[in-house]
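Enquirer: What follows is query-v3.cif, made up of mmCIF, C-alpha atoms and all ligand atoms:
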```cif
data_protein
loop_
_atom_site.label_atom_id
_atom_site.label_comp_id
_atom_site.auth_asym_id
_atom_site.auth_seq_id
_atom_site.Cartn_x
_atom_site.Cartn_y
_atom_site.Cartn_z
CA MET W 194 2.14 24.04 -12.02
CA ASP W 195 0.12 22.76 -9.08
CA PHE W 196 1.71 19.48 -7.97
CA ARG W 197 0.71 17.73 -4.73
CA ILE W 198 2.86 15.34 -2.71
CA GLY W 199 1.64 12.77 -0.20
CA HIS W 200 3.15 10.22 2.18
CA GLY W 201 1.58 7.09 3.63
CA PHE W 202 2.81 4.61 6.23
CA ASP W 203 1.31 1.32 7.39
CA LEU W 204 2.29 -1.59 9.62
CA HIS W 205 0.61 -4.89 10.43
CA ARG W 206 1.52 -7.70 12.81
CA LEU W 207 2.25 -11.00 11.04
CA GLU W 208 0.29 -14.01 12.31
CA ALA W 209 0.38 -17.71 11.44
CA GLY W 210 -2.38 -18.91 9.16
CA ARG W 211 -3.02 -15.59 7.37
CA PRO W 212 -2.26 -15.22 3.64
CA LEU W 213 0.65 -12.86 2.90
CA VAL W 214 -0.87 -10.36 0.46
CA ILE W 215 1.35 -7.47 -0.68
CA ALA W 216 0.18 -5.04 -3.39
CA GLY W 217 -2.54 -7.51 -4.34
CA HIS W 218 -0.01 -10.31 -4.84
CA THR W 219 -0.10 -13.41 -2.63
CA LEU W 220 3.30 -14.86 -1.57
CA GLU W 221 4.04 -18.31 -0.16
CA HIS W 222 4.86 -17.85 3.54
CA ASP W 223 4.00 -19.34 6.94
CA ARG W 224 2.30 -16.14 8.14
CA GLY W 225 0.51 -13.04 6.96
CA PRO W 226 -0.76 -9.69 8.17
CA ALA W 227 -3.34 -9.57 10.95
CA GLY W 228 -6.00 -7.01 10.22
CA HIS W 229 -9.65 -6.33 9.66
CA SER W 230 -9.21 -6.31 5.87
CA ASP W 231 -6.64 -8.46 4.03
CA GLY W 232 -3.93 -6.35 5.73
CA ASP W 233 -2.22 -5.31 2.49
CA VAL W 234 0.31 -2.73 3.77
CA VAL W 235 1.18 -1.45 0.28
CA TYR W 236 -2.41 -0.76 -0.71
CA HIS W 237 -3.09 0.85 2.67
CA ALA W 238 0.00 3.10 2.57
CA VAL W 239 -0.68 4.09 -1.06
CA THR W 240 -4.31 4.94 -0.21
CA ASP W 241 -3.11 7.20 2.59
CA ALA W 242 -0.41 8.79 0.41
CA ILE W 243 -2.96 9.75 -2.27
CA CYS W 244 -5.59 10.90 0.23
CA GLY W 245 -2.88 12.85 2.06
CA ALA W 246 -1.77 14.57 -1.15
CA LEU W 247 -5.40 15.56 -1.82
CA GLY W 248 -5.92 16.78 1.75
CA GLU W 249 -8.76 14.26 2.15
CA PRO W 250 -9.63 11.96 5.09
CA ASP W 251 -7.29 9.03 5.78
CA ILE W 252 -8.02 5.35 5.22
CA GLY W 253 -9.22 4.81 8.80
CA GLN W 254 -11.81 7.57 8.40
CA LEU W 255 -12.97 6.47 4.94
CA PHE W 256 -13.12 2.74 5.78
CA PRO W 257 -13.58 2.33 9.57
CA ASP W 258 -12.13 -0.97 10.82
CA ASN W 259 -15.19 -1.53 13.02
CA ASP W 260 -17.40 -1.72 9.91
CA PRO W 261 -18.16 -5.40 9.12
CA LYS W 262 -18.31 -4.40 5.44
CA TRP W 263 -14.48 -4.29 5.30
CA LYS W 264 -13.85 -7.62 7.08
CA ASP W 265 -11.20 -9.51 5.05
CA ALA W 266 -11.80 -6.99 2.25
CA ASP W 267 -9.61 -6.95 -0.86
CA SER W 268 -7.69 -3.72 -0.18
CA SER W 269 -7.59 -2.79 -3.87
CA ILE W 270 -11.04 -1.25 -3.26
CA PHE W 271 -9.39 1.30 -0.94
CA VAL W 272 -6.80 2.25 -3.57
CA ALA W 273 -9.52 2.41 -6.22
CA GLU W 274 -11.51 4.85 -4.06
CA ALA W 275 -8.41 7.00 -3.53
CA ALA W 276 -7.82 6.96 -7.31
CA ARG W 277 -11.45 7.94 -7.91
CA ARG W 278 -11.04 10.91 -5.54
CA MET W 279 -7.76 11.84 -7.24
CA GLY W 280 -9.41 11.89 -10.67
CA ALA W 281 -12.42 13.85 -9.36
CA ALA W 282 -10.03 16.46 -7.96
CA GLY W 283 -8.33 16.80 -11.37
CA TYR W 284 -5.13 14.89 -10.61
CA ALA W 285 -3.26 11.88 -11.94
CA VAL W 286 -0.22 9.97 -10.63
CA GLY W 287 3.06 11.66 -11.58
CA ASN W 288 5.02 8.93 -9.84
CA LEU W 289 4.71 6.65 -6.84
CA ASP W 290 7.61 5.25 -4.82
CA VAL W 291 6.94 2.43 -2.34
CA THR W 292 9.25 0.80 0.23
CA VAL W 293 8.14 -2.47 1.84
CA ILE W 294 9.96 -3.49 5.05
CA LEU W 295 9.84 -7.25 5.44
CA GLU W 296 12.46 -9.68 6.72
CA ARG W 297 11.19 -12.78 4.88
CA PRO W 298 10.46 -13.72 2.15
CA ARG W 299 12.48 -11.62 -0.29
CA LEU W 300 10.34 -9.56 -2.66
CA GLY W 301 12.67 -9.51 -5.67
CA PRO W 302 10.87 -12.12 -7.79
CA HIS W 303 7.49 -10.51 -7.05
CA LYS W 304 8.22 -6.82 -7.51
CA GLN W 305 7.15 -6.57 -11.14
CA ALA W 306 3.78 -8.23 -10.44
CA MET W 307 3.26 -5.81 -7.54
CA ARG W 308 4.10 -2.77 -9.67
CA GLU W 309 1.69 -3.92 -12.35
CA ASN W 310 -1.07 -4.52 -9.81
CA LEU W 311 -0.60 -1.00 -8.42
CA ALA W 312 -0.53 0.58 -11.87
CA GLY W 313 -3.67 -1.33 -12.83
CA VAL W 314 -5.65 -0.15 -9.81
CA LEU W 315 -4.36 3.42 -10.18
CA GLY W 316 -4.94 3.55 -13.93
CA CYS W 317 -1.38 4.65 -14.76
CA GLY W 318 1.58 3.05 -16.53
CA ALA W 319 3.79 0.68 -14.51
CA ALA W 320 6.75 2.97 -15.31
CA ARG W 321 5.20 5.53 -12.93
CA VAL W 322 5.27 3.03 -10.05
CA ASN W 323 8.39 1.89 -8.19
CA LEU W 324 8.52 -0.69 -5.41
CA LYS W 325 11.52 -1.59 -3.23
CA GLY W 326 11.96 -4.25 -0.58
CA LYS W 327 14.10 -3.68 2.55
CA SER W 328 15.03 -6.10 5.31
CA HIS W 329 15.11 -4.75 8.88
CA GLU W 330 18.47 -6.39 9.60
CA GLY W 331 17.08 -8.71 12.27
CA VAL W 332 16.21 -5.77 14.52
CA ASP W 333 12.93 -5.36 16.40
CA ALA W 334 9.58 -6.88 15.47
CA LEU W 335 10.09 -6.15 11.76
CA GLY W 336 13.49 -7.83 11.78
CA GLU W 337 12.06 -10.83 13.63
CA ASN W 338 9.41 -11.30 10.91
CA ARG W 339 6.67 -10.49 13.41
CA ALA W 340 5.47 -7.46 11.40
CA ILE W 341 5.44 -5.93 7.93
CA ALA W 342 5.54 -2.19 7.19
CA CYS W 343 5.35 0.08 4.17
CA HIS W 344 6.19 3.68 3.27
CA ALA W 345 4.71 5.25 0.15
CA VAL W 346 5.37 8.66 -1.41
CA VAL W 347 3.29 9.90 -4.31
CA LEU W 348 3.50 12.97 -6.54
CA LEU W 349 0.20 14.00 -8.12
CA LYS W 350 0.09 16.17 -11.24
CA PRO W 351 -2.86 17.92 -12.87
CA SER W 352 -4.60 15.36 -15.13
CA GLU W 353 -4.09 17.46 -18.26
CA ALA W 354 -0.29 17.69 -17.73
CA LYS W 355 1.97 15.35 -19.72
ZN ZN W 401 -3.18 -1.43 7.08
#
```
Just dump the structure as structure tokens.
Expert:
Amino acid sequence: MDFRIGHGFDLHRLEAGRPLVIAGHTLEHDRGPAGHSDGDVVYHAVTDAICGALGEPDIGQLFPDNDPKWKDADSSIFVAEAARRMGAAGYAVGNLDVTVILERPRLGPHKQAMRENLAGVLGCGAARVNLKGKSHEGVDALGENRAIACHAVVLLKPSEAK
């Protein structure tokens, strides 16, 4: 059977006065990701994981950050476009595993909402989506809460497969 695997990585600086949006979910915090769009690292990494699995252009090529159209954009539109391309190529999500690296705040109480947001945009069941939070143990910019990063790995299966 023709499975495809893809990996995505993203990182944004955290700046005061920006909303902290992660997987479409807004958390109370004193800072949020700097970026041209809303800076949602999960949605960006997942978009790149799916596009990577399909062998298609990456998020920066599909949605150039010098295009005013994407200023402060809701990044779910990037995931939705990746999902559209996935469906057009005859694939569906087998499973998706996401790791968010963030020192503060803790993601525990928000994980389920994030999984459901991802599943909703991808058009799959939440059981196919996993999301973990990791601290960076106080080390480097991530550990000093000056940045947020995300790794995503996705397995795509042919749409007709169970
Ligand atoms: Zn990004």
Enquirer: Choose the residue, out of W:Asn259, W:Thr219, W:Gln254, W:Thr292, that has the smallest atom-to-atom separation from W:Phe202; count all atoms listed in the file.
Expert: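 Going through W:Asn259, W:Thr219, W:Gln254, W:Thr292 one by one, the smallest distance to W:Phe202 is for W:Thr292.
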Enquirer: Quick one: everything within 12 Å of stretch 277-281 of chain W, counting all atoms listed in the file, minus sequence neighbours fewer than 5 positions away in the same chain. Send it as a ChimeraX atom specification.
Expert: /W:197,199,240-250,255,270-272,286-287,314-317,347-353
Enquirer: For ligand ZN 401 (chain W), which residue out of W:Leu311, W:Ile252, W:Ile198, W:Leu324 is the nearest one, using all atoms listed in the file?
Expert: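 For ligand ZN 401 (chain W), the nearest of the candidates is W:Ile252.
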Enquirer: Please extract the residues at most 8 Å from ligand ZN 401 (chain W), counting all atoms listed in the file, and provide them as a PyMOL selection string, using the chain letters and residue numbers of this document.
Expert: chain W and resi 203-205+228+230+232-234+236-238
Enquirer: With distances taken over all atoms listed in the file, which residue among W:Asp251, W:Asp195, W:Glu208, W:Glu296 lies nearest W:Ala342?
Expert: W:Glu296
Enquirer: From the set W:Gly253, W:Asp223, W:Val235, W:Asp258, which residue has the shortest atom-to-atom contact distance to W:His200, counting only C-alpha atoms?
Expert: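 Residue with the minimum atom-to-atom distance to W:His200: W:Val235.
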Enquirer: Could you jot down the atom CA of W:Ala216 to atom CA of W:Asn288 separation for me, Å, one decimal place?
Expert: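 Separation of atom CA of W:Ala216 and atom CA of W:Asn288: 16.1 Å.
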Enquirer: Tell me which of W:Glu309, W:Val322, W:Ala345, W:His229 sits closest to W:Pro261, counting all atoms listed in the file.
Expert: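 When distances to W:Pro261 are compared using all atoms listed in the file, the smallest one comes from W:His229.
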Enquirer: In Å to one decimal, how far is atom CA of W:Ser268 from atom CA of W:Leu220?
Expert: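 So the two atoms, atom CA of W:Leu220 and atom CA of W:Ser268, lie 15.7 Å apart.
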Enquirer: Quick one, how far is atom CA of W:Met307 from atom CA of W:Ile215?
Expert: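 Rounded to one decimal, the two atoms are 7.3 Å apart.
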Enquirer: Select, from W:Ala273, W:Leu300, W:Val293, W:Leu335, the residue with the minimum atom-to-atom distance to W:His222, counting only C-alpha atoms.
Expert: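 Comparing W:Ala273, W:Leu300, W:Val293, W:Leu335 against W:His222, the winner is W:Leu300.
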Enquirer: Using only C-alpha atoms, determine which residues lie at most 10 Å from W:Lys325, disregarding the query and same-chain residues fewer than 6 positions distant; provide the list as a list of chain:residue names.
Expert: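 Those residues are W:Asp290, W:Val291, W:Thr292, W:Val293, W:Ile294, W:Leu300, W:Gly301, W:Lys304, W:Arg308, W:Cys343, W:His344.
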